[in-house]
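Structure data (compact mmCIF, C-alpha atoms and all ligand atoms) from target37.txt:
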# COMPACT_ATOMS: atom_id res chain seq x y z
CA MET A 1 56.02 45.13 13.26
CA SER A 2 56.71 48.45 11.65
CA VAL A 3 59.77 50.65 11.76
CA ALA A 4 59.79 53.33 14.44
CA PHE A 5 61.98 56.43 14.42
CA THR A 6 63.59 57.65 17.63
CA ASP A 7 66.20 60.29 18.43
CA GLN A 8 69.62 58.59 18.40
CA SER A 9 73.31 59.33 18.16
CA LEU A 10 74.91 58.29 14.85
CA GLN A 11 78.51 58.80 15.94
CA ARG A 12 79.17 55.06 16.01
CA CYS A 13 77.33 54.60 12.71
CA ASN A 14 79.82 56.51 10.54
CA THR A 15 83.42 55.46 10.07
CA LEU A 16 84.66 59.07 10.20
CA GLY A 17 83.31 59.09 13.77
CA LEU A 18 81.56 62.45 13.37
CA PRO A 19 79.00 63.39 16.02
CA ALA A 20 75.41 63.50 14.72
CA ARG A 21 71.92 63.07 16.14
CA ALA A 22 68.84 62.31 14.09
CA GLN A 23 65.57 60.43 14.03
CA VAL A 24 66.75 56.89 13.33
CA ALA A 25 64.99 53.60 12.65
CA MET A 26 66.32 50.12 11.97
CA LEU A 27 65.04 47.95 9.13
CA ASP A 28 65.69 44.28 9.88
CA ASP A 29 62.63 42.63 8.34
CA GLU A 30 61.74 42.76 4.64
CA ALA A 31 58.07 42.47 5.58
CA ASP A 32 58.22 46.04 6.88
CA ILE A 33 59.23 47.49 3.52
CA PRO A 34 55.78 48.00 1.94
CA GLY A 35 54.81 50.07 5.00
CA LEU A 36 57.67 52.47 4.33
CA ALA A 37 55.63 54.38 1.75
CA SER A 38 54.86 56.86 4.53
CA LEU A 39 58.55 57.82 4.54
CA GLN A 40 57.82 60.01 1.56
CA ASP A 41 56.28 62.59 3.92
CA ALA A 42 59.70 63.69 5.20
CA PRO A 43 63.14 63.36 3.65
CA VAL A 44 64.78 60.06 4.51
CA PHE A 45 68.37 58.92 4.14
CA ILE A 46 69.13 55.23 3.77
CA LEU A 47 72.26 54.29 5.69
CA GLY A 48 74.38 51.17 5.35
CA GLY A 49 77.71 50.86 7.16
CA GLY A 50 78.31 54.64 7.19
CA SER A 51 81.70 54.27 5.53
CA ASN A 52 81.10 56.75 2.72
CA VAL A 53 79.24 59.56 4.42
CA VAL A 54 79.95 62.93 6.02
CA MET A 55 77.31 63.56 8.69
CA GLN A 56 76.19 67.02 9.72
CA PRO A 57 75.60 67.31 13.51
CA GLN A 58 71.82 67.66 13.22
CA PRO A 59 70.63 66.31 9.90
CA ARG A 60 67.13 67.27 8.79
CA HIS A 61 66.78 63.82 7.17
CA ARG A 62 65.36 60.89 9.07
CA VAL A 63 67.76 57.96 8.87
CA LEU A 64 66.81 54.39 8.00
CA ARG A 65 69.52 51.89 8.94
CA VAL A 66 69.39 48.76 6.82
CA ALA A 67 70.17 45.62 8.84
CA LEU A 68 68.63 42.91 6.61
CA GLN A 69 70.61 39.65 6.87
CA GLY A 70 70.99 36.45 4.83
CA ILE A 71 73.20 34.83 2.18
CA ARG A 72 72.13 31.98 -0.13
CA VAL A 73 72.79 30.34 -3.47
CA TRP A 74 69.99 31.86 -5.50
CA GLN A 75 70.70 29.89 -8.68
CA GLU A 76 73.34 27.66 -10.20
CA THR A 77 74.02 27.80 -13.95
CA ALA A 78 76.52 25.77 -15.99
CA ASP A 79 79.17 28.49 -15.56
CA HIS A 80 78.21 30.50 -12.51
CA TRP A 81 77.06 30.47 -8.95
CA ILE A 82 74.48 33.21 -8.50
CA ILE A 83 74.81 34.22 -4.87
CA GLU A 84 72.29 36.49 -3.20
CA ALA A 85 73.09 38.54 -0.11
CA ALA A 86 70.81 40.77 1.93
CA ALA A 87 71.65 44.48 1.99
CA GLY A 88 72.62 44.66 5.66
CA GLU A 89 75.34 42.00 5.47
CA SER A 90 78.87 43.27 6.04
CA TRP A 91 80.64 43.48 2.67
CA HIS A 92 83.92 41.99 3.86
CA GLY A 93 82.08 39.29 5.83
CA PHE A 94 80.20 38.38 2.67
CA VAL A 95 83.39 38.22 0.54
CA THR A 96 85.02 35.99 3.18
CA HIS A 97 81.96 33.75 3.46
CA CYS A 98 81.88 33.28 -0.33
CA LEU A 99 85.52 32.27 -0.34
CA ASP A 100 84.95 29.82 2.53
CA GLN A 101 82.17 28.19 0.49
CA GLY A 102 84.38 27.93 -2.61
CA TRP A 103 82.65 30.74 -4.52
CA ALA A 104 85.54 32.85 -5.77
CA GLY A 105 85.55 36.07 -7.77
CA LEU A 106 85.14 38.86 -5.22
CA GLU A 107 88.56 38.54 -3.54
CA ASN A 108 89.95 41.74 -5.14
CA LEU A 109 87.26 43.60 -3.22
CA ALA A 110 88.18 42.16 0.19
CA LEU A 111 88.34 44.40 3.27
CA ILE A 112 86.29 47.25 1.80
CA PRO A 113 84.27 48.64 4.72
CA GLY A 114 80.49 48.96 4.51
CA THR A 115 77.52 46.78 3.65
CA VAL A 116 76.44 44.68 0.69
CA GLY A 117 73.53 47.07 -0.01
CA ALA A 118 75.81 50.10 -0.20
CA ALA A 119 78.25 48.39 -2.56
CA PRO A 120 76.26 49.03 -5.78
CA VAL A 121 75.49 52.64 -4.77
CA GLN A 122 79.05 53.80 -5.32
CA ASN A 123 79.97 50.80 -7.52
CA ILE A 124 82.83 49.86 -5.21
CA GLY A 125 86.07 49.01 -6.92
CA ALA A 126 89.63 48.12 -5.97
CA TYR A 127 92.68 46.32 -7.27
CA GLY A 128 91.48 45.98 -10.83
CA LEU A 129 87.88 44.92 -10.22
CA GLU A 130 84.66 46.92 -10.05
CA LEU A 131 81.49 45.55 -8.52
CA ASP A 132 79.49 45.87 -11.75
CA GLN A 133 81.78 43.26 -13.35
CA ARG A 134 80.49 40.59 -10.94
CA LEU A 135 76.94 41.81 -10.47
CA HIS A 136 73.96 39.73 -11.55
CA SER A 137 71.15 42.02 -10.38
CA VAL A 138 70.01 44.37 -7.65
CA VAL A 139 66.64 43.88 -5.95
CA ALA A 140 65.59 47.33 -4.80
CA TRP A 141 62.47 49.00 -3.53
CA ASP A 142 61.66 52.20 -5.36
CA LEU A 143 60.34 54.28 -2.45
CA ARG A 144 59.03 56.98 -4.77
CA GLN A 145 56.87 54.60 -6.78
CA GLY A 146 56.20 52.16 -3.94
CA ARG A 147 57.23 48.99 -5.77
CA GLU A 148 60.03 46.46 -5.90
CA ARG A 149 62.27 46.29 -8.96
CA THR A 150 64.90 43.77 -10.06
CA LEU A 151 67.58 45.66 -11.94
CA PRO A 152 70.24 44.05 -14.16
CA PRO A 153 73.60 45.92 -14.28
CA ALA A 154 72.62 47.68 -17.52
CA ASP A 155 69.73 49.40 -15.67
CA CYS A 156 71.85 50.59 -12.73
CA GLY A 157 73.69 53.40 -14.58
CA PHE A 158 77.09 52.30 -13.34
CA ALA A 159 80.20 54.39 -13.87
CA TYR A 160 83.44 54.88 -11.93
CA ARG A 161 82.35 55.25 -8.27
CA ASP A 162 78.85 56.12 -9.45
CA SER A 163 75.41 54.66 -10.15
CA MET A 164 71.81 55.62 -10.67
CA PHE A 165 71.23 54.84 -6.96
CA LYS A 166 73.77 57.48 -5.98
CA ARG A 167 72.65 60.06 -8.53
CA ASP A 168 68.98 59.73 -7.50
CA GLY A 169 69.86 60.54 -3.87
CA ALA A 170 69.96 58.45 -0.70
CA GLY A 171 66.16 58.49 -0.20
CA ARG A 172 64.81 56.94 -3.39
CA TRP A 173 66.18 53.41 -3.69
CA LEU A 174 66.15 50.98 -0.83
CA ILE A 175 68.46 48.18 -1.93
CA VAL A 176 67.10 44.98 -0.40
CA ARG A 177 69.21 42.17 -1.87
CA VAL A 178 72.15 42.00 -4.26
CA ARG A 179 72.97 39.03 -6.52
CA PHE A 180 76.43 38.24 -7.81
CA ALA A 181 77.42 35.98 -10.72
CA LEU A 182 80.59 34.22 -9.59
CA PRO A 183 82.40 32.19 -12.26
CA LYS A 184 82.95 28.49 -11.60
CA ALA A 185 86.11 28.65 -13.74
CA TRP A 186 88.14 31.16 -11.72
CA THR A 187 91.11 33.09 -13.05
CA PRO A 188 93.01 35.65 -10.98
CA ARG A 189 92.59 39.35 -11.80
CA LEU A 190 96.05 40.80 -11.40
CA ASP A 191 95.95 43.92 -13.60
CA TYR A 192 96.65 46.27 -10.73
CA PRO A 193 100.42 46.79 -10.31
CA ASP A 194 100.42 46.66 -6.47
CA LEU A 195 98.72 43.27 -6.62
CA ARG A 196 100.62 41.82 -9.56
CA ASP A 197 103.93 42.70 -7.85
CA HIS A 198 102.96 41.39 -4.41
CA ALA A 199 105.66 39.03 -3.10
CA SER A 200 103.17 36.30 -2.16
CA LEU A 201 101.80 36.03 -5.71
CA GLN A 202 105.01 35.31 -7.59
CA GLY A 203 105.24 31.92 -9.35
CA GLY A 204 103.15 28.77 -9.11
CA THR A 205 99.42 28.26 -9.41
CA LEU A 206 97.47 30.87 -7.51
CA THR A 207 94.40 30.27 -5.40
CA PRO A 208 91.59 32.77 -4.68
CA ARG A 209 92.62 32.66 -1.01
CA GLN A 210 96.15 33.87 -1.90
CA VAL A 211 94.75 36.82 -3.86
CA TYR A 212 92.39 37.61 -0.98
CA GLU A 213 95.26 37.56 1.54
CA ALA A 214 97.42 39.76 -0.71
CA VAL A 215 94.63 42.34 -1.14
CA CYS A 216 94.08 42.42 2.63
CA ASP A 217 97.80 42.84 3.19
CA ILE A 218 98.10 45.77 0.73
CA ARG A 219 95.08 47.49 2.20
CA ARG A 220 96.27 47.04 5.80
CA ARG A 221 99.64 48.56 4.94
CA LYS A 222 98.24 51.63 3.18
CA LEU A 223 94.80 52.37 4.50
CA PRO A 224 93.99 53.31 8.09
CA ASP A 225 91.59 51.00 9.95
CA PRO A 226 88.45 53.08 10.69
CA ALA A 227 88.17 51.32 14.07
CA VAL A 228 91.50 52.93 15.01
CA LEU A 229 91.56 56.18 13.01
CA GLY A 230 88.26 57.57 11.71
CA ASN A 231 88.11 57.84 7.91
CA ALA A 232 85.84 57.26 4.92
CA GLY A 233 88.38 55.68 2.55
CA SER A 234 89.28 57.75 -0.50
CA PHE A 235 87.83 61.18 0.14
CA PHE A 236 88.01 62.28 -3.50
CA LYS A 237 87.49 60.49 -6.80
CA ASN A 238 90.42 60.12 -9.12
CA PRO A 239 89.72 62.94 -11.61
CA VAL A 240 89.23 62.11 -15.28
CA ILE A 241 90.41 64.79 -17.70
CA ASP A 242 90.67 65.06 -21.48
CA ALA A 243 93.78 63.91 -23.33
CA ALA A 244 94.93 67.42 -24.31
CA GLN A 245 94.85 68.63 -20.71
CA ALA A 246 96.72 65.49 -19.61
CA ASP A 247 99.42 66.08 -22.26
CA ALA A 248 99.85 69.68 -21.11
CA LEU A 249 100.14 68.56 -17.48
CA ARG A 250 102.66 65.84 -18.38
CA GLN A 251 104.88 68.50 -19.95
CA ARG A 252 104.97 70.37 -16.67
CA PHE A 253 104.96 67.31 -14.35
CA PRO A 254 106.78 64.37 -15.96
CA ASP A 255 106.02 62.13 -12.94
CA LEU A 256 102.25 62.62 -13.29
CA ARG A 257 100.42 59.30 -12.61
CA THR A 258 97.98 58.69 -15.47
CA TYR A 259 95.66 55.84 -16.48
CA SER A 260 94.22 55.84 -20.02
CA GLN A 261 90.48 55.28 -20.19
CA THR A 262 88.65 53.41 -22.94
CA ASP A 263 86.99 56.65 -24.11
CA GLY A 264 90.36 58.34 -24.74
CA ARG A 265 90.22 60.39 -21.55
CA VAL A 266 92.82 60.12 -18.81
CA LYS A 267 92.38 59.35 -15.11
CA LEU A 268 94.81 60.97 -12.66
CA ALA A 269 95.83 59.65 -9.24
CA ALA A 270 94.25 62.12 -6.81
CA GLY A 271 96.52 60.83 -4.02
CA TRP A 272 99.57 61.83 -6.03
CA LEU A 273 98.11 65.28 -6.82
CA ILE A 274 97.35 65.86 -3.12
CA GLU A 275 100.81 64.70 -2.06
CA GLN A 276 102.47 67.00 -4.62
CA ALA A 277 100.27 69.87 -3.45
CA GLY A 278 101.82 69.42 0.00
CA TRP A 279 98.93 67.87 1.91
CA LYS A 280 100.13 64.32 2.56
CA GLY A 281 100.25 63.78 6.33
CA ARG A 282 99.30 67.41 6.96
CA ARG A 283 96.64 68.42 9.47
CA LEU A 284 94.09 71.19 9.69
CA GLY A 285 92.55 71.29 13.17
CA PRO A 286 91.42 67.82 14.26
CA VAL A 287 91.52 66.34 10.74
CA GLY A 288 94.27 65.63 8.24
CA MET A 289 95.25 63.78 5.07
CA HIS A 290 96.71 60.38 5.89
CA GLU A 291 100.46 59.98 6.03
CA ARG A 292 100.58 56.78 3.95
CA GLN A 293 97.79 57.55 1.45
CA ALA A 294 97.09 61.24 0.88
CA LEU A 295 93.67 60.53 -0.63
CA VAL A 296 92.27 59.43 2.74
CA LEU A 297 90.99 62.14 5.06
CA VAL A 298 91.31 61.10 8.71
CA ASN A 299 89.75 62.24 11.98
CA HIS A 300 92.49 62.51 14.60
CA GLY A 301 89.79 62.94 17.26
CA GLY A 302 86.94 65.28 18.04
CA ALA A 303 86.20 66.43 14.50
CA GLN A 304 82.84 67.71 13.28
CA ALA A 305 81.51 67.88 9.72
CA ALA A 306 82.63 71.52 9.46
CA ASP A 307 86.26 70.51 10.12
CA VAL A 308 86.07 67.89 7.39
CA GLN A 309 84.57 70.39 4.97
CA ALA A 310 87.24 73.00 5.77
CA LEU A 311 90.07 70.56 5.06
CA ALA A 312 88.40 69.24 1.92
CA GLN A 313 88.10 72.81 0.65
CA ALA A 314 91.76 73.61 1.43
CA VAL A 315 92.96 70.45 -0.35
CA ARG A 316 90.77 71.08 -3.40
CA GLN A 317 92.05 74.65 -3.60
CA ALA A 318 95.70 73.56 -3.34
CA VAL A 319 95.26 70.97 -6.12
CA ARG A 320 93.40 73.51 -8.28
CA ASP A 321 96.16 76.11 -7.77
CA ARG A 322 98.97 73.71 -8.63
CA PHE A 323 97.43 71.56 -11.37
CA GLY A 324 94.27 73.35 -12.54
CA VAL A 325 92.33 70.14 -11.76
CA ASP A 326 89.08 69.97 -9.77
CA LEU A 327 88.68 67.18 -7.23
CA GLU A 328 85.22 65.79 -6.65
CA GLN A 329 84.31 64.61 -3.15
CA GLU A 330 83.45 60.92 -2.99
CA PRO A 331 81.46 60.47 0.25
CA VAL A 332 77.88 61.69 0.28
CA VAL A 333 76.69 64.29 2.77
CA LEU A 334 73.94 63.54 5.30
CA ASP A 335 72.41 66.95 5.98
N1 LIG A 401 99.96 57.99 -4.73
C1 LIG A 401 100.86 58.92 -4.32
N2 LIG A 401 100.71 59.46 -3.07
C2 LIG A 401 99.70 59.10 -2.24
C3 LIG A 401 98.77 58.16 -2.67
C4 LIG A 401 98.92 57.60 -3.94
O1 LIG A 401 101.79 59.27 -5.03
O2 LIG A 401 99.66 59.63 -1.13
C5 LIG A 401 100.14 57.36 -6.05
C6 LIG A 401 100.57 55.89 -5.90
O3 LIG A 401 101.96 55.78 -5.79
C7 LIG A 401 100.07 55.28 -7.18
C8 LIG A 401 98.81 56.08 -7.48
O4 LIG A 401 98.90 57.30 -6.74
O5 LIG A 401 100.97 55.49 -8.24
C9 LIG A 401 97.53 55.34 -7.11
O6 LIG A 401 97.51 55.05 -5.71
P1 LIG A 401 96.79 53.75 -5.11
O7 LIG A 401 97.26 52.52 -5.80
O8 LIG A 401 96.92 53.80 -3.64
O9 LIG A 401 95.27 53.90 -5.53
P2 LIG A 401 94.30 55.18 -5.57
O10 LIG A 401 94.07 55.53 -6.99
O11 LIG A 401 94.78 56.24 -4.66
C10 LIG A 401 92.09 53.80 -5.79
C11 LIG A 401 90.77 53.74 -5.11
C12 LIG A 401 90.87 52.99 -3.79
C13 LIG A 401 91.34 51.58 -4.11
C14 LIG A 401 92.69 51.65 -4.84
C15 LIG A 401 93.14 50.30 -5.33
C16 LIG A 401 89.56 55.75 -5.81
C17 LIG A 401 89.07 57.10 -5.43
N3 LIG A 401 90.26 55.09 -4.87
O12 LIG A 401 92.96 54.54 -4.96
O13 LIG A 401 89.58 52.92 -3.20
O14 LIG A 401 91.49 50.80 -2.93
O15 LIG A 401 92.57 52.48 -6.02
O16 LIG A 401 92.36 49.91 -6.40
O17 LIG A 401 89.33 55.30 -6.93
C18 LIG A 401 88.12 53.92 -1.62
O18 LIG A 401 87.37 54.19 -2.55
O19 LIG A 401 87.83 54.23 -0.44
C19 LIG A 401 89.39 53.27 -1.88
C20 LIG A 401 90.29 53.07 -0.92

Output the file's structure as structure tokens, nothing else.
Amino acid sequence: MSVAFTDQSLQRCNTLGLPARAQVAMLDDEADIPGLASLQDAPVFILGGGSNVVMQPQPRHRVLRVALQGIRVWQETADHWIIEAAAGESWHGFVTHCLDQGWAGLENLALIPGTVGAAPVQNIGAYGLELDQRLHSVVAWDLRQGRERTLPPADCGFAYRDSMFKRDGAGRWLIVRVRFALPKAWTPRLDYPDLRDHASLQGGTLTPRQVYEAVCDIRRRKLPDPAVLGNAGSFFKNPVIDAAQADALRQRFPDLRTYSQTDGRVKLAAGWLIEQAGWKGRRLGPVGMHERQALVLVNHGGAQAADVQALAQAVRQAVRDRFGVDLEQEPVVLD
């Protein structure tokens, strides 16, 4: 078997629900990967769950959908389970499966939409945990060089919502399998205030399942379900600025939400900036910023990429005018 591209709609393959048609093929067998060298002839875009992408109506890229399946214990060490999952597995399904098997450690990342293979690309993070903190290695096919590589975290160029896979563009690295090192001696990660203060986690000995349920509960309250209201999660990154600029802003805005970074810089809450700039719950055409979390851009129905881009531009301008801070878009663009 080899992968074959055909003209297809991608509207159901992106959580914003934007209409798009492209040449699309499905990869569901690892044996087909060596034959993909020919993809270098035309630009290709590797698509996972479509939860972090803004699709143009007629992308010039051909789209390869990764549907590889499988989860197994790859190795057991004295302290860790090393669990390997194929790139096409649903991320939340994988987190839940691990918990069911007694392999804890990913529960803070429950309910994040998308696939296992996409998780390292933007180094997913939530509620005090980033993927790179649990990662053992990424098995990826370098489509440019035509060979498979096994990359430890240090070789993946991870940063906040960023990695080498993302920086190199969506056509270079085909992530095939991802391995996680899950500690046998589990301790809860409760650094994030929303989680620490959750009513269900007060007192007593906590279990991974309780943390998982609390994370799901917080997310369900705040974040719109893409199956109900199209969205791509946080539409902007939380901006990181230098300490002097943060001090100056704090003088003018005493309520400014800030998080100190290890390098002395300061991260701001983009949702707060957007709300203060007047965009929380506000619409522009068929799209708007969500009423419970201003950082999430939602499709109220019938939106196209141009509508998304127009709103993103208006929000960025409003935040720039009020705070002098530039917001960087988080989802990638399929053009
Ligand atoms: N805030 C507001 N108004 C808003 C939204 C937020 O004032 O409309 C304030 C909150 O009150 C809080 C602060 O901003 O003081 C931070 O808000 P929140 O805890 O909701 O987290 P966030 O910084 O907006 C980030 C991630 C989320 C992740 C949460 C929890 C980014 C870009 N986003 O959001 O990730 O779930 O933290 O860890 O880093 C995603 O990437 O799609 C995503 C949802």

Taking a cut-off of 8 Å and counting all atoms listed in the file, can you build a table that, for each residue of chain A near ligand LIG 401 (chain A), reports the nearest atom pair and how far apart they are in Å (one decimal), sorted by chain then residue number, as JSON lines?
{"residue": "A:Asn52", "atom": "CA", "partner": "A:LIG401", "partner_atom": "O19", "distance": 7.9}
{"residue": "A:Ile112", "atom": "CA", "partner": "A:LIG401", "partner_atom": "O19", "distance": 7.5}
{"residue": "A:Ile124", "atom": "CA", "partner": "A:LIG401", "partner_atom": "O18", "distance": 6.8}
{"residue": "A:Gly125", "atom": "CA", "partner": "A:LIG401", "partner_atom": "O16", "distance": 6.4}
{"residue": "A:Ala126", "atom": "CA", "partner": "A:LIG401", "partner_atom": "O16", "distance": 3.3}
{"residue": "A:Tyr127", "atom": "CA", "partner": "A:LIG401", "partner_atom": "O16", "distance": 3.7}
{"residue": "A:Gly128", "atom": "CA", "partner": "A:LIG401", "partner_atom": "O16", "distance": 6.0}
{"residue": "A:Leu129", "atom": "CA", "partner": "A:LIG401", "partner_atom": "O16", "distance": 7.7}
{"residue": "A:Tyr160", "atom": "CA", "partner": "A:LIG401", "partner_atom": "O17", "distance": 7.7}
{"residue": "A:Arg161", "atom": "CA", "partner": "A:LIG401", "partner_atom": "O17", "distance": 7.1}
{"residue": "A:Tyr192", "atom": "CA", "partner": "A:LIG401", "partner_atom": "O16", "distance": 7.1}
{"residue": "A:Pro193", "atom": "CA", "partner": "A:LIG401", "partner_atom": "O7", "distance": 7.9}
{"residue": "A:Asp194", "atom": "CA", "partner": "A:LIG401", "partner_atom": "O7", "distance": 6.7}
{"residue": "A:Arg219", "atom": "CA", "partner": "A:LIG401", "partner_atom": "O14", "distance": 7.1}
{"residue": "A:Lys222", "atom": "CA", "partner": "A:LIG401", "partner_atom": "O8", "distance": 7.3}
{"residue": "A:Leu223", "atom": "CA", "partner": "A:LIG401", "partner_atom": "C20", "distance": 7.1}
{"residue": "A:Ala232", "atom": "CA", "partner": "A:LIG401", "partner_atom": "O19", "distance": 6.5}
{"residue": "A:Gly233", "atom": "CA", "partner": "A:LIG401", "partner_atom": "O19", "distance": 3.4}
{"residue": "A:Ser234", "atom": "CA", "partner": "A:LIG401", "partner_atom": "O19", "distance": 3.8}
{"residue": "A:Phe235", "atom": "CA", "partner": "A:LIG401", "partner_atom": "O19", "distance": 7.0}
{"residue": "A:Phe236", "atom": "CA", "partner": "A:LIG401", "partner_atom": "C17", "distance": 5.6}
{"residue": "A:Lys237", "atom": "CA", "partner": "A:LIG401", "partner_atom": "C17", "distance": 4.0}
{"residue": "A:Asn238", "atom": "CA", "partner": "A:LIG401", "partner_atom": "C17", "distance": 5.0}
{"residue": "A:Arg257", "atom": "CA", "partner": "A:LIG401", "partner_atom": "O5", "distance": 5.8}
{"residue": "A:Leu268", "atom": "CA", "partner": "A:LIG401", "partner_atom": "O10", "distance": 7.9}
{"residue": "A:Ala269", "atom": "CA", "partner": "A:LIG401", "partner_atom": "O4", "distance": 4.6}
{"residue": "A:Ala270", "atom": "CA", "partner": "A:LIG401", "partner_atom": "O11", "distance": 6.3}
{"residue": "A:Gly271", "atom": "CA", "partner": "A:LIG401", "partner_atom": "C3", "distance": 3.7}
{"residue": "A:Trp272", "atom": "CA", "partner": "A:LIG401", "partner_atom": "O1", "distance": 3.5}
{"residue": "A:Leu273", "atom": "CA", "partner": "A:LIG401", "partner_atom": "O1", "distance": 7.3}
{"residue": "A:Ile274", "atom": "CA", "partner": "A:LIG401", "partner_atom": "O2", "distance": 6.9}
{"residue": "A:Glu275", "atom": "CA", "partner": "A:LIG401", "partner_atom": "O2", "distance": 5.3}
{"residue": "A:Gln276", "atom": "CA", "partner": "A:LIG401", "partner_atom": "O1", "distance": 7.8}
{"residue": "A:Lys280", "atom": "CA", "partner": "A:LIG401", "partner_atom": "O2", "distance": 6.0}
{"residue": "A:His290", "atom": "CA", "partner": "A:LIG401", "partner_atom": "O2", "distance": 7.7}
{"residue": "A:Glu291", "atom": "CA", "partner": "A:LIG401", "partner_atom": "O2", "distance": 7.2}
{"residue": "A:Arg292", "atom": "CA", "partner": "A:LIG401", "partner_atom": "O2", "distance": 5.9}
{"residue": "A:Gln293", "atom": "CA", "partner": "A:LIG401", "partner_atom": "O2", "distance": 3.8}
{"residue": "A:Ala294", "atom": "CA", "partner": "A:LIG401", "partner_atom": "O2", "distance": 3.6}
{"residue": "A:Leu295", "atom": "CA", "partner": "A:LIG401", "partner_atom": "C3", "distance": 6.0}
{"residue": "A:Val296", "atom": "CA", "partner": "A:LIG401", "partner_atom": "O19", "distance": 7.5}
{"residue": "A:Glu330", "atom": "CA", "partner": "A:LIG401", "partner_atom": "C17", "distance": 7.2}

**OP:** Show which residues sit within 12 Å of Cys216 in chain A, as a ChimeraX atom specification. Count all atoms listed in the file, and ignore same-chain residues fewer than 4 positions away.
**Re:** /A:92,95-96,107-113,126-127,194-195,198,200,209-212,220-223,225

Contacts of Leu174 in chain A within 9 Å, all atoms listed in the file, excl. fewer than 5 positions in-chain, as a compact mmCIF listing (two decimals) with C-alpha atoms, in the coordinates of the input:
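File produced: selection24.txt:
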# COMPACT_ATOMS: atom_id res chain seq x y z
CA ILE A 33 59.23 47.49 3.52
CA ILE A 46 69.13 55.23 3.77
CA VAL A 66 69.39 48.76 6.82
CA ALA A 87 71.65 44.48 1.99
CA GLY A 117 73.53 47.07 -0.01
CA VAL A 139 66.64 43.88 -5.95
CA ALA A 140 65.59 47.33 -4.80
CA TRP A 141 62.47 49.00 -3.53
CA ASP A 142 61.66 52.20 -5.36
CA LEU A 143 60.34 54.28 -2.45
CA PHE A 165 71.23 54.84 -6.96

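CA of Asp162 in chain A to CA of Thr15 in chain A spans 20.1 Å [interatomic distance, one decimal].
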
Need the neighbours of (81.9, 46.8, 4.4): which residues are at most 9 Å away, counting only C-alpha atoms, as a PDB file with C-alpha atoms, in the coordinates of the input?
ATOM      1  CA  GLY A  48      74.380  51.170   5.350  1.00  0.00           C
ATOM      2  CA  GLY A  49      77.710  50.860   7.160  1.00  0.00           C
ATOM      3  CA  SER A  51      81.700  54.270   5.530  1.00  0.00           C
ATOM      4  CA  GLU A  89      75.340  42.000   5.470  1.00  0.00           C
ATOM      5  CA  SER A  90      78.870  43.270   6.040  1.00  0.00           C
ATOM      6  CA  TRP A  91      80.640  43.480   2.670  1.00  0.00           C
ATOM      7  CA  HIS A  92      83.920  41.990   3.860  1.00  0.00           C
ATOM      8  CA  GLY A  93      82.080  39.290   5.830  1.00  0.00           C
ATOM      9  CA  PHE A  94      80.200  38.380   2.670  1.00  0.00           C
ATOM     10  CA  ALA A 110      88.180  42.160   0.190  1.00  0.00           C
ATOM     11  CA  LEU A 111      88.340  44.400   3.270  1.00  0.00           C
ATOM     12  CA  ILE A 112      86.290  47.250   1.800  1.00  0.00           C
ATOM     13  CA  PRO A 113      84.270  48.640   4.720  1.00  0.00           C
ATOM     14  CA  GLY A 114      80.490  48.960   4.510  1.00  0.00           C
ATOM     15  CA  THR A 115      77.520  46.780   3.650  1.00  0.00           C
ATOM     16  CA  VAL A 116      76.440  44.680   0.690  1.00  0.00           C
ATOM     17  CA  ALA A 118      75.810  50.100  -0.200  1.00  0.00           C
ATOM     18  CA  ALA A 119      78.250  48.390  -2.560  1.00  0.00           C
TER      19      ALA A 119
END

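Across A:Leu182, A:Ala170, A:Pro120, A:Arg62, the tightest approach to Gly157 in chain A is made by A:Pro120 when counting only C-alpha atoms.
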
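A straight line drawn from CA of Leu151 in chain A to CA of Arg65 in chain A is 21.9 Å long.
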
Original post:
Is there a way to get, as a ChimeraX atom specification, all residues within 6 Å of the point (89.2, 62.8, -16.0) in file coordinates, counting only C-alpha atoms?
Top reply: /A:239-241,266-267

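Between CA of Leu249 in chain A and CA of Val315 in chain A the interatomic distance comes to 18.7 Å.
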
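When the distance limit is 7 Å and all atoms listed in the file are what count, the residues near range 9-14 of chain A, minus those fewer than 2 positions from it on the same chain, are A:Leu16, A:Gly17, A:Leu18, A:Pro19, A:Ala20, A:Arg21, A:Ala22, A:Gly49, A:Gly50, A:Ser51, A:Val53.
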
Original post:
Could you name the residues that touch His300 in chain A at 7 Å or less, counting all atoms listed in the file, but leaving out those on the same chain fewer than 4 positions away, as a ChimeraX atom specification?
Top reply: /A:229,286-287

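Comparing the minimum interatomic distances between Glu30 in chain A and each of A:Gln309, A:Ser2, A:Gln101, A:Ser137, counting only C-alpha atoms, we find that A:Ser2 sits nearest.
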
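Among the candidates A:Pro57, A:Gln145, A:Ala246, A:Asp263, the residue lying nearest to Val325 in chain A is A:Ala246 (atoms considered: all atoms listed in the file).
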
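Closest approach to Arg179 in chain A among A:Ala199, A:Ala227, A:Val215, A:Ile71: A:Ile71, based on all atoms listed in the file.
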
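When only C-alpha atoms are used to measure the gap to Ala277 in chain A, the shortest distance among A:Ala314, A:Ala243, A:Val178, A:Val332 belongs to A:Ala314.
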
Subject >> Best match for closeness to Ala244 in chain A among A:Val63, A:Asn299, A:Gln329, A:Gly264, counting all atoms listed in the file >> reply: A:Gly264
